[in-house]
Structure formats: C-alpha cells, structure tokens
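Printed here is target24.cif (mmCIF, C-alpha atoms and all ligand atoms):
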data_structure
loop_
_atom_site.group_PDB
_atom_site.id
_atom_site.type_symbol
_atom_site.label_atom_id
_atom_site.label_comp_id
_atom_site.auth_asym_id
_atom_site.auth_seq_id
_atom_site.Cartn_x
_atom_site.Cartn_y
_atom_site.Cartn_z
ATOM 1 C CA MET A 1 153.828 122.760 76.005
ATOM 2 C CA TYR A 2 155.681 119.548 76.770
ATOM 3 C CA SER A 3 158.149 118.772 74.050
ATOM 4 C CA LEU A 4 159.624 115.337 74.343
ATOM 5 C CA ASN A 5 162.038 114.938 71.509
ATOM 6 C CA ASP A 6 164.681 112.352 70.913
ATOM 7 C CA SER A 7 166.954 114.597 68.939
ATOM 8 C CA GLY A 8 169.682 114.902 71.523
ATOM 9 C CA THR A 9 168.837 118.533 72.216
ATOM 10 C CA ASP A 10 167.903 117.793 75.791
ATOM 11 C CA PRO A 11 169.524 120.228 78.164
ATOM 12 C CA PRO A 12 172.200 118.722 80.385
ATOM 13 C CA ALA A 13 170.932 117.442 83.685
ATOM 14 C CA GLY A 14 170.656 120.207 86.197
ATOM 15 C CA ARG A 15 170.597 123.046 83.733
ATOM 16 C CA LEU A 16 167.005 123.950 84.424
ATOM 17 C CA ARG A 17 167.832 124.176 88.074
ATOM 18 C CA GLU A 18 169.621 127.451 87.490
ATOM 19 C CA GLY A 19 167.785 130.087 89.397
ATOM 20 C CA GLY A 20 166.295 127.439 91.642
ATOM 21 C CA VAL A 21 165.763 128.192 95.255
ATOM 22 C CA PRO A 22 169.017 127.826 97.155
ATOM 23 C CA MET A 23 167.520 125.929 100.021
ATOM 24 C CA THR A 24 169.100 122.631 100.896
ATOM 25 C CA ALA A 25 168.432 120.278 103.737
ATOM 26 C CA GLU A 26 172.014 120.927 104.878
ATOM 27 C CA SER A 27 171.421 124.661 105.175
ATOM 28 C CA THR A 28 168.251 124.211 107.161
ATOM 29 C CA PRO A 29 168.604 125.588 110.621
ATOM 30 C CA ALA A 30 167.791 122.451 112.560
ATOM 31 C CA GLY A 31 167.053 122.142 116.204
ATOM 32 C CA PRO A 32 164.219 123.165 118.435
ATOM 33 C CA THR A 33 162.456 126.449 117.922
ATOM 34 C CA PRO A 34 160.830 128.439 120.725
ATOM 35 C CA ASP A 35 157.421 126.977 119.924
ATOM 36 C CA GLY A 36 158.775 123.436 119.968
ATOM 37 C CA SER A 37 158.339 122.782 116.244
ATOM 38 C CA ALA A 38 161.575 120.803 115.988
ATOM 39 C CA GLY A 39 161.607 118.431 113.036
ATOM 40 C CA CYS A 40 158.780 120.318 111.378
ATOM 41 C CA VAL A 41 159.333 120.431 107.613
ATOM 42 C CA ILE A 42 156.380 122.491 106.534
ATOM 43 C CA GLU A 43 154.182 124.815 108.486
ATOM 44 C CA ALA A 44 151.315 127.264 108.039
ATOM 45 C CA ARG A 45 150.750 129.821 110.741
ATOM 46 C CA ASP A 46 147.567 131.907 111.030
ATOM 47 C CA VAL A 47 146.985 131.717 107.299
ATOM 48 C CA VAL A 48 144.150 133.856 105.974
ATOM 49 C CA LYS A 49 143.049 133.573 102.347
ATOM 50 C CA SER A 50 139.945 134.911 100.619
ATOM 51 C CA PHE A 51 138.756 134.679 97.051
ATOM 52 C CA GLY A 52 137.072 138.030 96.504
ATOM 53 C CA GLN A 53 134.410 138.237 99.199
ATOM 54 C CA THR A 54 134.615 134.505 99.957
ATOM 55 C CA PRO A 55 136.808 133.659 102.934
ATOM 56 C CA ALA A 56 138.479 130.273 102.419
ATOM 57 C CA LEU A 57 140.960 130.273 105.322
ATOM 58 C CA ARG A 58 140.453 132.358 108.468
ATOM 59 C CA GLY A 59 143.635 131.825 110.413
ATOM 60 C CA ALA A 60 144.628 128.225 109.747
ATOM 61 C CA SER A 61 147.720 126.787 111.408
ATOM 62 C CA VAL A 62 149.220 123.371 110.822
ATOM 63 C CA SER A 63 152.692 121.915 111.021
ATOM 64 C CA VAL A 64 153.931 118.712 109.464
ATOM 65 C CA ALA A 65 156.889 116.722 110.750
ATOM 66 C CA ARG A 66 159.533 115.397 108.367
ATOM 67 C CA GLY A 67 158.531 111.959 107.099
ATOM 68 C CA GLU A 68 155.024 112.274 108.481
ATOM 69 C CA ILE A 69 151.863 111.404 106.561
ATOM 70 C CA LEU A 70 149.268 113.995 107.503
ATOM 71 C CA ALA A 71 145.610 113.678 106.489
ATOM 72 C CA VAL A 72 143.708 116.940 106.077
ATOM 73 C CA MET A 73 140.022 116.190 106.547
ATOM 74 C CA GLY A 74 136.844 118.216 106.732
ATOM 75 C CA PRO A 75 133.624 118.951 104.863
ATOM 76 C CA SER A 76 133.473 120.150 101.279
ATOM 77 C CA GLY A 77 134.144 123.875 100.991
ATOM 78 C CA SER A 78 135.869 124.076 104.380
ATOM 79 C CA GLY A 79 139.204 125.237 102.925
ATOM 80 C CA LYS A 80 141.204 121.987 102.591
ATOM 81 C CA SER A 81 142.409 122.569 99.035
ATOM 82 C CA THR A 82 143.176 126.208 99.751
ATOM 83 C CA LEU A 83 145.280 125.162 102.734
ATOM 84 C CA LEU A 84 147.127 122.581 100.620
ATOM 85 C CA HIS A 85 147.761 125.159 97.897
ATOM 86 C CA CYS A 86 149.118 127.649 100.446
ATOM 87 C CA LEU A 87 151.409 125.014 101.992
ATOM 88 C CA ALA A 88 152.686 124.052 98.536
ATOM 89 C CA GLY A 89 153.437 127.610 97.444
ATOM 90 C CA ILE A 90 150.756 127.524 94.741
ATOM 91 C CA LEU A 91 148.712 130.236 96.459
ATOM 92 C CA VAL A 92 150.059 133.136 98.502
ATOM 93 C CA PRO A 93 148.128 133.835 101.728
ATOM 94 C CA ASP A 94 146.566 137.248 102.329
ATOM 95 C CA SER A 95 148.173 137.155 105.764
ATOM 96 C CA GLY A 96 149.981 134.658 107.948
ATOM 97 C CA GLN A 97 153.109 132.671 107.170
ATOM 98 C CA VAL A 98 154.076 129.494 105.390
ATOM 99 C CA SER A 99 157.495 127.977 106.024
ATOM 100 C CA PHE A 100 159.298 125.074 104.393
ATOM 101 C CA ALA A 101 162.522 123.683 105.849
ATOM 102 C CA GLY A 102 162.757 126.596 108.236
ATOM 103 C CA ARG A 103 162.335 129.372 105.671
ATOM 104 C CA ARG A 104 159.399 131.541 104.722
ATOM 105 C CA ILE A 105 158.023 130.632 101.314
ATOM 106 C CA ASP A 106 154.999 132.964 101.264
ATOM 107 C CA SER A 107 157.313 135.903 100.645
ATOM 108 C CA LEU A 108 159.176 134.276 97.734
ATOM 109 C CA ARG A 109 158.715 135.579 94.225
ATOM 110 C CA GLU A 110 156.555 133.578 91.824
ATOM 111 C CA ASN A 111 159.560 132.165 89.937
ATOM 112 C CA GLU A 112 161.171 131.087 93.203
ATOM 113 C CA ARG A 113 158.002 129.368 94.362
ATOM 114 C CA SER A 114 157.724 127.711 90.995
ATOM 115 C CA ALA A 115 161.310 126.398 91.255
ATOM 116 C CA LEU A 116 160.577 125.189 94.769
ATOM 117 C CA ARG A 117 157.526 123.270 93.582
ATOM 118 C CA ARG A 118 159.471 121.754 90.717
ATOM 119 C CA ASP A 119 162.570 120.789 92.688
ATOM 120 C CA ARG A 120 161.318 119.872 96.150
ATOM 121 C CA PHE A 121 157.615 119.000 95.941
ATOM 122 C CA GLY A 122 155.477 116.381 94.209
ATOM 123 C CA PHE A 123 151.770 116.573 93.433
ATOM 124 C CA VAL A 124 148.848 114.206 92.917
ATOM 125 C CA PHE A 125 145.372 115.541 92.255
ATOM 126 C CA GLN A 126 141.899 114.008 92.317
ATOM 127 C CA PHE A 127 141.747 113.515 88.584
ATOM 128 C CA GLY A 128 145.315 112.467 87.847
ATOM 129 C CA GLN A 129 145.613 115.072 85.108
ATOM 130 C CA LEU A 130 147.856 112.986 82.916
ATOM 131 C CA VAL A 131 148.783 114.587 79.635
ATOM 132 C CA PRO A 132 146.564 112.575 77.250
ATOM 133 C CA GLU A 133 148.937 112.844 74.280
ATOM 134 C CA LEU A 134 151.794 111.275 76.233
ATOM 135 C CA THR A 135 152.328 107.635 77.136
ATOM 136 C CA ALA A 136 152.192 106.552 80.751
ATOM 137 C CA GLU A 137 155.994 106.409 81.020
ATOM 138 C CA GLU A 138 156.357 109.859 79.450
ATOM 139 C CA ASN A 139 153.842 111.238 81.939
ATOM 140 C CA VAL A 140 155.814 109.749 84.823
ATOM 141 C CA ALA A 141 159.080 111.111 83.390
ATOM 142 C CA LEU A 142 157.747 114.686 83.100
ATOM 143 C CA PRO A 143 159.012 116.060 86.431
ATOM 144 C CA LEU A 144 162.508 114.730 85.624
ATOM 145 C CA LEU A 145 162.439 116.227 82.129
ATOM 146 C CA LEU A 146 161.233 119.566 83.490
ATOM 147 C CA ALA A 147 164.146 119.500 85.940
ATOM 148 C CA GLY A 148 166.574 118.985 83.055
ATOM 149 C CA ALA A 149 167.188 115.226 82.974
ATOM 150 C CA ARG A 150 167.992 113.577 79.667
ATOM 151 C CA ARG A 151 165.106 111.774 78.052
ATOM 152 C CA THR A 152 166.625 108.279 78.133
ATOM 153 C CA GLU A 153 167.575 108.634 81.771
ATOM 154 C CA ALA A 154 164.199 110.128 82.719
ATOM 155 C CA LEU A 155 162.311 107.321 80.985
ATOM 156 C CA ALA A 156 164.499 104.682 82.620
ATOM 157 C CA ARG A 157 163.790 106.113 86.052
ATOM 158 C CA ALA A 158 160.101 106.426 85.208
ATOM 159 C CA ARG A 159 159.921 102.761 84.167
ATOM 160 C CA GLU A 160 161.233 101.629 87.550
ATOM 161 C CA TRP A 161 157.905 102.651 89.042
ATOM 162 C CA PHE A 162 155.700 100.490 86.859
ATOM 163 C CA GLY A 163 156.456 97.153 88.491
ATOM 164 C CA ARG A 164 156.361 98.687 91.914
ATOM 165 C CA LEU A 165 152.882 100.124 91.421
ATOM 166 C CA GLY A 166 151.430 97.078 89.652
ATOM 167 C CA LEU A 167 151.492 98.797 86.259
ATOM 168 C CA ASP A 168 153.706 96.384 84.314
ATOM 169 C CA GLY A 169 152.879 96.405 80.613
ATOM 170 C CA LEU A 170 151.181 99.817 80.692
ATOM 171 C CA GLU A 171 154.332 101.840 80.013
ATOM 172 C CA THR A 172 153.332 102.908 76.514
ATOM 173 C CA HIS A 173 149.589 103.199 77.109
ATOM 174 C CA ARG A 174 147.889 106.571 76.997
ATOM 175 C CA SER A 175 145.454 107.696 79.676
ATOM 176 C CA GLY A 176 142.450 106.755 77.534
ATOM 177 C CA GLU A 177 143.681 103.151 77.520
ATOM 178 C CA MET A 178 143.861 102.746 81.290
ATOM 179 C CA SER A 179 141.327 102.340 84.089
ATOM 180 C CA GLY A 180 140.843 105.196 86.534
ATOM 181 C CA GLY A 181 142.820 103.334 89.181
ATOM 182 C CA GLN A 182 145.685 102.615 86.786
ATOM 183 C CA ALA A 183 145.799 106.234 85.609
ATOM 184 C CA GLN A 184 145.839 107.414 89.209
ATOM 185 C CA ARG A 185 148.742 105.076 90.011
ATOM 186 C CA VAL A 186 150.587 106.593 87.017
ATOM 187 C CA ALA A 187 149.854 110.037 88.494
ATOM 188 C CA LEU A 188 151.207 108.784 91.819
ATOM 189 C CA ALA A 189 154.414 107.582 90.141
ATOM 190 C CA ARG A 190 154.745 111.007 88.508
ATOM 191 C CA GLY A 191 154.321 112.656 91.913
ATOM 192 C CA LEU A 192 157.051 110.517 93.454
ATOM 193 C CA VAL A 193 159.551 109.970 90.613
ATOM 194 C CA ALA A 194 161.738 112.970 91.404
ATOM 195 C CA SER A 195 162.011 111.936 95.087
ATOM 196 C CA PRO A 196 160.246 115.044 96.378
ATOM 197 C CA GLU A 197 160.671 116.059 99.994
ATOM 198 C CA VAL A 198 156.948 116.689 100.304
ATOM 199 C CA LEU A 199 154.161 115.045 98.326
ATOM 200 C CA PHE A 200 150.914 117.014 98.206
ATOM 201 C CA ALA A 201 147.854 114.953 97.328
ATOM 202 C CA ASP A 202 144.402 116.531 96.983
ATOM 203 C CA GLU A 203 141.690 113.858 97.206
ATOM 204 C CA PRO A 204 143.879 111.379 95.298
ATOM 205 C CA THR A 205 141.255 108.652 95.596
ATOM 206 C CA GLY A 206 138.220 110.916 95.196
ATOM 207 C CA SER A 207 137.379 109.747 91.692
ATOM 208 C CA LEU A 208 137.961 106.029 92.329
ATOM 209 C CA ASP A 209 135.846 103.175 93.627
ATOM 210 C CA SER A 210 136.757 102.011 97.099
ATOM 211 C CA LEU A 211 138.960 99.085 96.041
ATOM 212 C CA ALA A 212 141.014 101.148 93.573
ATOM 213 C CA GLY A 213 141.170 104.001 96.086
ATOM 214 C CA GLU A 214 142.446 101.739 98.816
ATOM 215 C CA GLN A 215 145.097 100.367 96.471
ATOM 216 C CA VAL A 216 146.305 103.864 95.510
ATOM 217 C CA MET A 217 146.466 104.973 99.135
ATOM 218 C CA SER A 218 148.259 101.853 100.284
ATOM 219 C CA LEU A 219 150.856 102.230 97.497
ATOM 220 C CA LEU A 220 151.197 105.950 98.220
ATOM 221 C CA SER A 221 151.840 105.450 101.915
ATOM 222 C CA ALA A 222 154.240 102.525 101.355
ATOM 223 C CA ALA A 223 156.287 104.446 98.771
ATOM 224 C CA ALA A 224 156.356 107.588 100.902
ATOM 225 C CA ARG A 225 157.538 105.691 103.970
ATOM 226 C CA ASP A 226 160.111 103.893 101.848
ATOM 227 C CA GLN A 227 161.622 107.157 100.561
ATOM 228 C CA GLY A 228 161.047 109.165 103.741
ATOM 229 C CA THR A 229 158.759 111.518 101.837
ATOM 230 C CA THR A 230 156.534 113.805 103.893
ATOM 231 C CA VAL A 231 152.921 113.603 102.696
ATOM 232 C CA VAL A 232 150.039 116.042 103.044
ATOM 233 C CA VAL A 233 146.909 114.296 101.803
ATOM 234 C CA VAL A 234 143.518 115.960 101.609
ATOM 235 C CA THR A 235 140.638 113.537 101.907
ATOM 236 C CA HIS A 236 137.178 113.336 103.356
ATOM 237 C CA GLU A 237 137.291 109.542 103.427
ATOM 238 C CA PRO A 238 138.126 108.004 106.827
ATOM 239 C CA ARG A 239 139.399 104.870 105.029
ATOM 240 C CA VAL A 240 142.003 106.981 103.260
ATOM 241 C CA ALA A 241 142.884 108.958 106.379
ATOM 242 C CA ALA A 242 143.501 105.667 108.176
ATOM 243 C CA TYR A 243 146.818 105.406 106.290
ATOM 244 C CA ALA A 244 148.025 108.675 107.818
ATOM 245 C CA ASP A 245 150.069 109.136 110.981
ATOM 246 C CA ARG A 246 147.938 112.059 112.087
ATOM 247 C CA LYS A 247 144.834 113.992 111.073
ATOM 248 C CA VAL A 248 143.825 117.614 111.157
ATOM 249 C CA ILE A 249 140.254 118.744 110.577
ATOM 250 C CA VAL A 250 139.549 121.884 108.589
ATOM 251 C CA ARG A 251 136.238 123.565 109.405
ATOM 252 C CA ASP A 252 135.185 127.022 108.279
ATOM 253 C CA GLY A 253 138.734 127.916 107.348
ATOM 254 C CA THR A 254 140.529 126.879 110.515
ATOM 255 C CA ALA A 255 142.419 123.683 111.261
ATOM 256 C CA THR A 256 142.225 121.694 114.473
ATOM 257 C CA SER A 257 143.699 118.407 115.600
ATOM 258 C CA PRO A 258 141.080 115.903 116.717
ATOM 259 C CA ALA A 259 141.478 114.560 120.242
ATOM 260 C CA PRO A 260 143.296 111.231 120.242
ATOM 261 C CA ALA A 261 140.983 108.235 120.388
ATOM 262 C CA GLY A 262 140.068 107.431 123.949
ATOM 263 C CA ALA A 263 140.982 110.879 125.260
ATOM 264 C CA VAL A 264 138.790 112.158 128.060
ATOM 265 C CA SER A 265 136.999 115.285 126.951
HETATM 266 P P1 LIG B 1 137.593 122.223 100.112
HETATM 267 O O1 LIG B 1 138.827 121.783 99.406
HETATM 268 O O2 LIG B 1 137.605 121.918 101.588
HETATM 269 O O3 LIG B 1 136.358 121.693 99.467
HETATM 270 P P2 LIG B 1 138.279 124.866 99.117
HETATM 271 O O4 LIG B 1 139.572 125.214 99.746
HETATM 272 O O5 LIG B 1 138.305 124.408 97.714
HETATM 273 O O6 LIG B 1 137.514 123.813 100.052
HETATM 274 O O7 LIG B 1 137.315 126.107 99.178
HETATM 275 C C1 LIG B 1 137.094 126.893 100.351
HETATM 276 C C2 LIG B 1 136.153 128.037 100.003
HETATM 277 O O8 LIG B 1 136.791 128.908 99.078
HETATM 278 C C3 LIG B 1 134.853 127.602 99.342
HETATM 279 O O9 LIG B 1 133.853 128.486 99.753
HETATM 280 C C4 LIG B 1 135.159 127.760 97.875
HETATM 281 O O10 LIG B 1 133.981 128.005 97.154
HETATM 282 C C5 LIG B 1 136.063 128.972 97.864
HETATM 283 N N1 LIG B 1 137.025 128.952 96.758
HETATM 284 C C6 LIG B 1 138.042 128.059 96.615
HETATM 285 N N2 LIG B 1 138.771 128.321 95.512
HETATM 286 C C7 LIG B 1 138.195 129.404 94.938
HETATM 287 C C8 LIG B 1 138.477 130.176 93.767
HETATM 288 N N3 LIG B 1 139.500 129.888 92.968
HETATM 289 N N4 LIG B 1 137.651 131.224 93.494
HETATM 290 C C9 LIG B 1 136.627 131.540 94.300
HETATM 291 N N5 LIG B 1 136.309 130.862 95.419
HETATM 292 C C10 LIG B 1 137.068 129.805 95.742
HETATM 293 MG MG MG B 2 139.084 120.573 97.743
#

Could you rewrite the structure in this file as structure tokens?
Ligand code: ADP
Ligand code: MG
Amino acid sequence: MYSLNDSGTDPPAGRLREGGVPMTAESTPAGPTPDGSAGCVIEARDVVKSFGQTPALRGASVSVARGEILAVMGPSGSGKSTLLHCLAGILVPDSGQVSFAGRRIDSLRENERSALRRDRFGFVFQFGQLVPELTAEENVALPLLLAGARRTEALARAREWFGRLGLDGLETHRSGEMSGGQAQRVALARGLVASPEVLFADEPTGSLDSLAGEQVMSLLSAAARDQGTTVVVVTHEPRVAAYADRKVIVRDGTATSPAPAGAVS
C-alpha cells in the first residue's frame, strides 16, 4: 500500500492535492455567528449516530475553539470515539451537523472528506499503528508523502521531529525495536508533521504506563501550542485531561461541559 521508492518517480509536491477540498483559512467566513461561536474551528451540533440497533451518539454537540486543546472524557462505551470520528469526517452522522472552518463537512462526498483528513487533520490513536515494515522516520514522513512531497524532503522534515520528541537515534528503527512510549511518540510526530490544523487523538496514552503516557501528553500539548494546532483528545484519564484547556464529558451519547471547579451548583 505504501510505496516508498527512491527512484525519482515521486510526484511533484502538491500534485496529490488536486481534487482536495477548496477550503482555506482565508476563505473562512470569520466573525461572530448568531450563536456566539466566534473563533470556533470545529463543531458538532445535535449529532446522532447508531451502529445498527446500537445508539452511539444521541444528539451530541460540542464546539472547539481554534488553538484549543479539548479533552473528551467519559466512561467506556459512552460514544467518545464515535464523536471524534464524526468530528474528523471519518464517520458521517445519521443526523445533525459537523462543521470545520465554518463549512459543513458531514455533507461532503467521501473523497472530499478523505482529502480534508489528509490535508488539514492529523491523527494519533491508542495503539500508534505504525507501519511495521517502515522505519520510524518513514512512518513519520508518510503524511507528507501521501500529500505529494518528495521523499528526500519528507524524510528531512520527519527527522526534525526526532530530537524534539526525545527520539534521537531511533530514526531507522522499526516499531518492533522501540518501546511502547517511543513508538507512540513516533505516532505523535506522524500526526503533527504535516502541520495539521486539528489533531485528533483517541486515547493516545491508553496503552502506556503512567510515566510514558505523561511524557507523550506533555510533548503533544507543547507541540500543539507551539504550532497553534487545535487538539481534540479522547481520554478517560484525569492526568491526561489535565493538559487540556477544557473538558467535555460524554455520557450515553451526549456531551456536556462540567461545571468549572468551585462553581456553586
Ligand atoms: P467510547 O469510545 O466512549 O468507548 P464508542 O464511541 O467506541 O465509545 O462506542 C459507543 C457505542 O457504540 C458502544 O455501545 C459501542 O459498542 C458502539 N459501537 C462503536 N463503534 C461500533 C461499530 N463499529 N459497530 C457497532 N457498534 C459500535
Ligand atoms: Mg473509544
């Protein structure tokens, strides 16, 4: 599936962007909206999603401000991953709306959503899902290669992340030759390498011990703040959520914001 050859047959940078979604930050209608969601980069409104007879979301609404790190918390099976997948244009809701940069994405065609994910979003999952046949630096370079960058350029940009994430010397290792925490930091670099506008992370520390998990989350939040990347991170760990600017709780398929600490109920 992933062919990484050195033969000079790489497509010119940008070629794979043809047919991409013509949505740019410049064309985004900025300014306040009637519901006051100014500065909101991604939003779900009344999203309903079922898998067969199983309801996963029953009218979930959430909006994320540009540059914000939002933690999505809640018990197992409550609909967190489904909400993340709807926000990221992986799943299409049965009803309700999902908007990114002021435009509906739930009504886009599959190829348009796929281009949106490739060009504007980054992803990190619980089990990093590195391609085992590829080296760490090739794994990090993948999003750039898929977007049409030349191999040498993609690998050079990928390598810049190794020092930053404490991975020096692991560039040519394969996933079987790294610890879980190292592999997850490689997955984090892959999620961030193409400077996505939104990084979606689904339990990125869920398979790690607490020290490695803390390290991944601290690097993730520092890098995101550095690049101004908006982050939606699903977690059920309060220690992980502590890195976020704000939390929403998903319960039985709906999302609510917890009262601020110290609020009178
Ligand atoms: P969480 O991430 O909070 O653990 P999920 O969003 O994965 O919750 O799941 C919400 C509900 O939807 C659960 O009841 C789960 O079993 C169900 N579900 C999720 N994905 C699927 C799927 N692909 N097929 C069938 N049921 C699913
Ligand atoms: Mg989940």

- Taking the file above as input, evaluate the PyMOL selection byres (((not hetatm)) within 7 of (chain B and resi 1)) and report the hits as a list of chain:residue names.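 In the shown coordinates, the PyMOL selection byres (((not hetatm)) within 7 of (chain B and resi 1)) covers A:Ser50, A:Phe51, A:Gly52, A:Thr54, A:Pro55, A:Ala56, A:Gly74, A:Pro75, A:Ser76, A:Gly77, A:Ser78, A:Gly79, A:Lys80, A:Ser81, A:Thr82, A:Leu83.
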
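Put simply, CA of Ile42 (chain A) is 17.0 Å away from CA of Val250 (chain A).
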
- Message: Calculated over only C-alpha atoms, which of the candidates A:Ala147, A:Asn139, A:Val41, A:Thr152 has the smallest distance to Arg103 (chain A)?
- Response: A:Val41

Using all atoms listed in the file, find each residue of region 138-199 of chain A with at least one atom at most 10 Å away from an atom of region 220-227 of chain A; report its shortest atom-to-atom pair and that distance in Å (one decimal), sort the rows by chain and rising residue number, and return the result as a Markdown table.
| residue | atom | partner | partner_atom | distance |
| --- | --- | --- | --- | --- |
| A:Arg164 | CA | A:Ala223 | CA | 9.0 |
| A:Leu165 | CA | A:Leu220 | CA | 9.1 |
| A:Arg185 | CA | A:Leu220 | CA | 8.6 |
| A:Leu188 | CA | A:Leu220 | CA | 7.0 |
| A:Ala189 | CA | A:Leu220 | CA | 8.8 |
| A:Gly191 | CA | A:Leu220 | CA | 9.7 |
| A:Leu192 | CA | A:Ala224 | CA | 8.0 |
| A:Ser195 | CA | A:Gln227 | CA | 7.3 |
| A:Pro196 | CA | A:Gln227 | CA | 9.0 |
| A:Glu197 | CA | A:Gln227 | CA | 9.0 |
| A:Val198 | CA | A:Ala224 | CA | 9.1 |
| A:Leu199 | CA | A:Ala224 | CA | 8.2 |

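Atom to atom, CA of Arg109 (chain A) and CA of Gly253 (chain A) stand 25.1 Å apart.
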
Apply the PyMOL selection byres (((chain A and resi 155) around 12) and not hetatm) to the displayed file and report the matching residues as an mmCIF file with C-alpha atoms, in the coordinates of the input.
data_model
loop_
_atom_site.group_PDB
_atom_site.id
_atom_site.type_symbol
_atom_site.label_atom_id
_atom_site.label_comp_id
_atom_site.auth_asym_id
_atom_site.auth_seq_id
_atom_site.Cartn_x
_atom_site.Cartn_y
_atom_site.Cartn_z
ATOM 1 C CA LEU A 4 159.624 115.337 74.343
ATOM 2 C CA ASP A 6 164.681 112.352 70.913
ATOM 3 C CA THR A 135 152.328 107.635 77.136
ATOM 4 C CA ALA A 136 152.192 106.552 80.751
ATOM 5 C CA GLU A 137 155.994 106.409 81.020
ATOM 6 C CA GLU A 138 156.357 109.859 79.450
ATOM 7 C CA ASN A 139 153.842 111.238 81.939
ATOM 8 C CA VAL A 140 155.814 109.749 84.823
ATOM 9 C CA ALA A 141 159.080 111.111 83.390
ATOM 10 C CA LEU A 142 157.747 114.686 83.100
ATOM 11 C CA PRO A 143 159.012 116.060 86.431
ATOM 12 C CA LEU A 144 162.508 114.730 85.624
ATOM 13 C CA LEU A 145 162.439 116.227 82.129
ATOM 14 C CA ALA A 149 167.188 115.226 82.974
ATOM 15 C CA ARG A 150 167.992 113.577 79.667
ATOM 16 C CA ARG A 151 165.106 111.774 78.052
ATOM 17 C CA THR A 152 166.625 108.279 78.133
ATOM 18 C CA GLU A 153 167.575 108.634 81.771
ATOM 19 C CA ALA A 154 164.199 110.128 82.719
ATOM 20 C CA ALA A 156 164.499 104.682 82.620
ATOM 21 C CA ARG A 157 163.790 106.113 86.052
ATOM 22 C CA ALA A 158 160.101 106.426 85.208
ATOM 23 C CA ARG A 159 159.921 102.761 84.167
ATOM 24 C CA GLU A 160 161.233 101.629 87.550
ATOM 25 C CA TRP A 161 157.905 102.651 89.042
ATOM 26 C CA PHE A 162 155.700 100.490 86.859
ATOM 27 C CA GLU A 171 154.332 101.840 80.013
ATOM 28 C CA THR A 172 153.332 102.908 76.514
ATOM 29 C CA ARG A 190 154.745 111.007 88.508
ATOM 30 C CA VAL A 193 159.551 109.970 90.613
ATOM 31 C CA ALA A 194 161.738 112.970 91.404
#

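Distance annotation: of A:Gly163, A:Gly96, A:Gly122, A:Gly206, the residue with the minimal separation from ligand MG 2 (chain B) is A:Gly206; atom set is all atoms listed in the file.
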
- Task: Measuring atom to atom with all atoms listed in the file, identify which of A:Arg174, A:Arg58, A:Arg118, A:His236 is nearest to ligand MG 2 (chain B).
- Result: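 Smallest distance to ligand MG 2 (chain B) is found for A:His236.
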
- Query: For Leu87 (chain A), which residue out of A:Val131, A:Leu170, A:Ile105, A:Ala212 is the nearest one, using all atoms listed in the file?
  - Reply: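 The closest residue to Leu87 (chain A) is A:Ile105.
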
- Shortest contact to ligand MG 2 (chain B), candidates A:Leu130, A:Val234, A:Ala65, A:Cys86, atoms counted all atoms listed in the file, goes to A:Val234

- Item | Which of A:Ala255, A:Ala201, A:Ala183, A:Leu134 sits closest to Ala88 (chain A) [using only C-alpha atoms] |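 Of A:Ala255, A:Ala201, A:Ala183, A:Leu134, the one nearest Ala88 (chain A) is A:Ala201, counting only C-alpha atoms.
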
- Selection result for the PyMOL selection byres (((chain A and resi 62) around 9) and not hetatm) on this file, as a list of chain:residue names: A:Ile42, A:Glu43, A:Ala44, A:Arg45, A:Asp46, A:Ala60, A:Ser61, A:Ser63, A:Val64, A:Val248, A:Ala255, A:Thr256, A:Ser257

- Could you check how far CA of Leu70 (chain A) sits from CA of Ala241 (chain A), in Å to one decimal? 8.2 Å

- Message: Which residues are near Gly89 (chain A)? Cut-off 9 Å, all atoms listed in the file, ignore same chain within fewer than 3 positions. Put them as a ChimeraX atom specification.
- Response: /A:84-86,92,98,105-106,108,110,113-114,116-117

Save out the residues we just selected, C-alpha atoms, as a PDB file, in the coordinates of the input.
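As written to disk, out-v1.pdb reads:
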ATOM      1  CA  LEU A  84     147.127 122.581 100.620  1.00  0.00           C
ATOM      2  CA  HIS A  85     147.761 125.159  97.897  1.00  0.00           C
ATOM      3  CA  CYS A  86     149.118 127.649 100.446  1.00  0.00           C
ATOM      4  CA  VAL A  92     150.059 133.136  98.502  1.00  0.00           C
ATOM      5  CA  VAL A  98     154.076 129.494 105.390  1.00  0.00           C
ATOM      6  CA  ILE A 105     158.023 130.632 101.314  1.00  0.00           C
ATOM      7  CA  ASP A 106     154.999 132.964 101.264  1.00  0.00           C
ATOM      8  CA  LEU A 108     159.176 134.276  97.734  1.00  0.00           C
ATOM      9  CA  GLU A 110     156.555 133.578  91.824  1.00  0.00           C
ATOM     10  CA  ARG A 113     158.002 129.368  94.362  1.00  0.00           C
ATOM     11  CA  SER A 114     157.724 127.711  90.995  1.00  0.00           C
ATOM     12  CA  LEU A 116     160.577 125.189  94.769  1.00  0.00           C
ATOM     13  CA  ARG A 117     157.526 123.270  93.582  1.00  0.00           C
TER      14      ARG A 117
END
